[in-house]
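Working notes for the structure below.
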Amino acid sequence: MQAPSLGGVQVPRGSGTTPVRLRRGSSLNDFADKIDANPASLVTVLFHLGEMVTATQSLDEDMFGTLAAELGYVIEMVSAEEEDRELLGAFDIDLDAELADEDDSQLKARPPVVTVMGHVDHGKTKLLDAIRQTDVVAGEAGGITQHIGAYQVRTVHEGVDRAVTFIDTPGHEAFTAMRARGAQVTDIAILVVAADDGVMPQTIEALNHAQAAGVPIVVAVNKVDKEGANPDKIRQQLTEYNLVAEEYGGDTMFVNVSAKQNLGIDQLLEAVLLTADASLDLRANPDKAARGVAIEANLDKGRGAVATVLVQQGTLKVGDAIVAGTAHGRVRAMFDEHGGSVLEAGPARPVMVLGLASVPGAGDTILVAPDERTARQIAEKREAAQRAALLAKRRKRISLEDFTQALQQGKVETLNLVLKGDVSGAVEALEDSLLKIDVGEEVELRVIHRGVGDITQNDVNLATVDNAIIIGFNVKFGERVEDLADREGVDVRFYPVIYQAIDDVESALKGMLKPEYEEVQLGTAEVREVFRSSKFGNVAGSLVRTGQIVRNSKARVLRKGVVVGDNLTVESLKRFKNDATEVREGYECGIGLGSFNDVEIDDVIETFEMREKPRK
Ligand code: GDP
């Protein structure tokens with residue numbers, strides 16, 4: 001059905017309830033595709049609704065909603081997770097069905113995965129170290145554990161040798177960042193509270209995060225060795241937050257520990273296992289292709305992309321084709337936290353994985369694909385989806401009035417950036433901070449590409465096309481890349497610390513702002529006589545009253561306080577018969593104002609110049 005719409009354009013209309021499914025980050029082109037319309041006509045419709053957009057620009061849900069309501073459609077935005085599920089579905093991978101189809105006989109008990117949280121300085125790091133040291137296996141392997149982002153320890157619990165996996169990045173920030181990416185990694189949270197300090201703001205934050213995620217909590221009351229430690233007070237304080245100790249009739253286990261003196265660590269592990277057994281059904285099917293999460297990832301000079309993977313289901317094997325977020329590859333080798341080579345890793349086992357072609361983000365899901373080609377295709381499709389979603393997120397909207405005005409004044413400017421860093425966390429942190437810089441609406445900051453590793457030719461090419469600046473954080477040029485950047489005139493900046501990068505970008509943004517000018521008065525002169533000159537037009541014989549009169553400066557003429565001539569220029573300036581560049585207060589001169597011949601005796605000539613206003 002065609003019907004006239006706003007602006008007289010023809011657009012196929014919906015019934016009022018006709019659904020249109022759109023991915024986040026879609027553009028008018030995508031919408032036009034779905035309803036079989038001409039994208040240009042949708043641009044026109046939106047224009048009449050007060051929104052100025054281009055056909056290729058990603059729009060948010062609100063804007064699609066407005067457009068859809070106008071045209072008789074209902075927008076269904078597909079979330080990133082749903083979209084990814086659909087994407088995997090196209091490759092015959094259905095993670096939900098996979099889980100639903102598993103029967104009890106396939107499920108084997110797996111170790112709990114634990115995150116340590118709590119207020120700063122309450123001893124999270126120390127506790128993680130103490131727990132690591134209790135591990136007998138570590139001792140046998142030479143005692144040196146490497147930090148790979150997670151580790152597993154073994155303990156004898158009720159006569160049975162049991163394993164517990166610890167996420168080795170303390171704090172709820174890491175926990176929350178992973179959750180934000182949809183990765184539920186933690187089964188149990190250890191809440192560390194220093195017995196000499198008590199419940200603090202981050203204690204409560206951590207507690208809230210754990211409770212929001214539905215993760216059971218074991219409380220480690222730390223630093224009991226310290227003078228003034230009052231472990232019972234902690235128990236009391238926490239009852240206010242629904243954490244009631246077993247001794248008080250509740251169901252939360254509290255364990256007194258000293259991370260420093262290695263006291264109570266075994267009891268803490270015991271409590272973790274008891275809590276896991278009492279409230280969780282920790283089982284997984286080890287006999288299938290692995291599914292997991294990337295805990296940490298970085299680029300290693302010799303080994304390439306290195307990712308610590310927590311296997312959640314199935315078994316990861318050397319030789320497997322894997323996809324980790326938008327990265328793909330084949331598992332070339334795996335290592336455990338003692339640096340020992342591992343051939344297979346089952347549920348809840350953290351392993352360092354070599355063989356990915358690029359570096360995944362922390363919290364990215366990892367799965368084994370049937371073959372390398374499929375792995376690559378999934379990664380590529382995800383990357384495309386991510387780019388689209390990112391564009392939608394990054395676009396800072398301005399209203400039609402702002403836009404038109406800004407456009408007329410030539411004020412629309414975009415600073416494009418390519419961000420590279422040594423670890424994905426740093427790149428994300430940098431990007432977040434940069435996008436938080438407040439420079440008003442005149443300038444737009446756009447991160448067109450980000451990644452881990454040295455600056456590559458591809459980065460420079462991207463920067464060339466989009467006229468971007470490259471920011472390198474703790475990285476350098478790849479081979480032959482510097483020449484290319486020089487040739488293409490791409491600005492590449494390296495920083496060892498994040499805040500310097502932020503500072504520089506902020507100033508760049510300020511420099512890029514179109515300068516604002518202000519009028520600065522230079523001088524005034526009173527007209528005493530008017531000379532007619534065939535060559536210069538009328539010349540005003542004047543006395544400089546204030547400041548100075550400068551040749552080529554801007555001028556206006558006032559008569560009895562009223563402006564009679566504006567936008568003029570001091571085109572000629574003479575002192576007696578001679579040309580002068582400036583004439584000072586108290587001196588006489590002849591001023592020629594070009595084509596403005598209307599000067600009269602007693603007029604005042606005001607001269608000024610436009611100066612750039614410094615930005616604050
Ligand atoms: P985090 O910020 O929570 O990771 O805290 P840390 O593990 O860095 O510990 C903060 C400080 O408390 C350090 O100086 C530790 O040596 C000290 N500390 C940690 N645990 C204990 C403990 O059980 N007893 C004592 N006396 N000091 C501790």
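Identifiers for the structure tokens are assigned positionally: chains receive A, B, ... in sequence, residues are indexed from 1 per chain, and ligands are indexed from 1 in the order shown.
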Quick one: residues within 12 Å of A:Glu372, only C-alpha atoms, excluding same-chain residues fewer than 4 positions away - as a list in words? Gly319, Asp320, Ala321, Ile322, Val323, Ala327, His328, Gly329, Arg330, Val331, Gly355, Leu356, Ala357, Leu367, Val368, Arg376, Gln377, Ile378 and Ala379 of chain A
Restrict the calculation to only C-alpha atoms and all ligand atoms, then for each residue of chain A with any atom at most 10 Å from an atom of ligand 1 give the closest atom pair and their distance in Å to one decimal, rows by chain and rising residue number, as a Markdown table.
| residue | atom | partner | partner_atom_place_in_ligand_line | distance |
| --- | --- | --- | --- | --- |
| A:Val116 | CA | ligand 1 | 3 (O) | 8.9 |
| A:Met117 | CA | ligand 1 | 3 (O) | 7.7 |
| A:Gly118 | CA | ligand 1 | 3 (O) | 6.4 |
| A:His119 | CA | ligand 1 | 3 (O) | 6.0 |
| A:Val120 | CA | ligand 1 | 2 (O) | 4.0 |
| A:Asp121 | CA | ligand 1 | 2 (O) | 3.4 |
| A:His122 | CA | ligand 1 | 3 (O) | 4.2 |
| A:Gly123 | CA | ligand 1 | 7 (O) | 3.3 |
| A:Lys124 | CA | ligand 1 | 3 (O) | 3.7 |
| A:Thr125 | CA | ligand 1 | 7 (O) | 3.6 |
| A:Lys126 | CA | ligand 1 | 7 (O) | 3.7 |
| A:Leu127 | CA | ligand 1 | 7 (O) | 6.3 |
| A:Leu128 | CA | ligand 1 | 7 (O) | 7.9 |
| A:Asp129 | CA | ligand 1 | 7 (O) | 8.3 |
| A:Ala130 | CA | ligand 1 | 20 (N) | 9.2 |
| A:Thr169 | CA | ligand 1 | 4 (O) | 9.3 |
| A:Pro170 | CA | ligand 1 | 4 (O) | 6.7 |
| A:Gly171 | CA | ligand 1 | 3 (O) | 7.8 |
| A:Val192 | CA | ligand 1 | 3 (O) | 7.5 |
| A:Val193 | CA | ligand 1 | 3 (O) | 8.7 |
| A:Ala194 | CA | ligand 1 | 20 (N) | 7.8 |
| A:Ala195 | CA | ligand 1 | 23 (O) | 9.0 |
| A:Asp196 | CA | ligand 1 | 26 (N) | 9.2 |
| A:Val221 | CA | ligand 1 | 23 (O) | 8.8 |
| A:Asn222 | CA | ligand 1 | 23 (O) | 5.1 |
| A:Lys223 | CA | ligand 1 | 23 (O) | 3.4 |
| A:Val224 | CA | ligand 1 | 23 (O) | 6.3 |
| A:Asp225 | CA | ligand 1 | 24 (N) | 5.7 |
| A:Lys226 | CA | ligand 1 | 26 (N) | 5.1 |
| A:Glu227 | CA | ligand 1 | 26 (N) | 8.5 |
| A:Ala229 | CA | ligand 1 | 26 (N) | 9.6 |
| A:Asn256 | CA | ligand 1 | 23 (O) | 9.5 |
| A:Val257 | CA | ligand 1 | 23 (O) | 6.5 |
| A:Ser258 | CA | ligand 1 | 23 (O) | 3.4 |
| A:Ala259 | CA | ligand 1 | 23 (O) | 3.8 |
| A:Lys260 | CA | ligand 1 | 23 (O) | 4.1 |
| A:Gln261 | CA | ligand 1 | 23 (O) | 6.3 |
| A:Asn262 | CA | ligand 1 | 23 (O) | 7.6 |
| A:Leu263 | CA | ligand 1 | 23 (O) | 8.0 |
| A:Gly264 | CA | ligand 1 | 23 (O) | 9.9 |
I need the residue nearest A:Ala501 from this list: A:Asn552, A:Thr115, A:Ser433, A:Thr456. Use only C-alpha atoms for the distance. A:Ser433
Pull the alpha helix (DSSP H) assignments for stretch 226-460 of chain A out of DSSP run on the backbone, and list those residues as a ChimeraX atom specification. /A:231-239,265-279,372-394,400-408,424-435,457-460
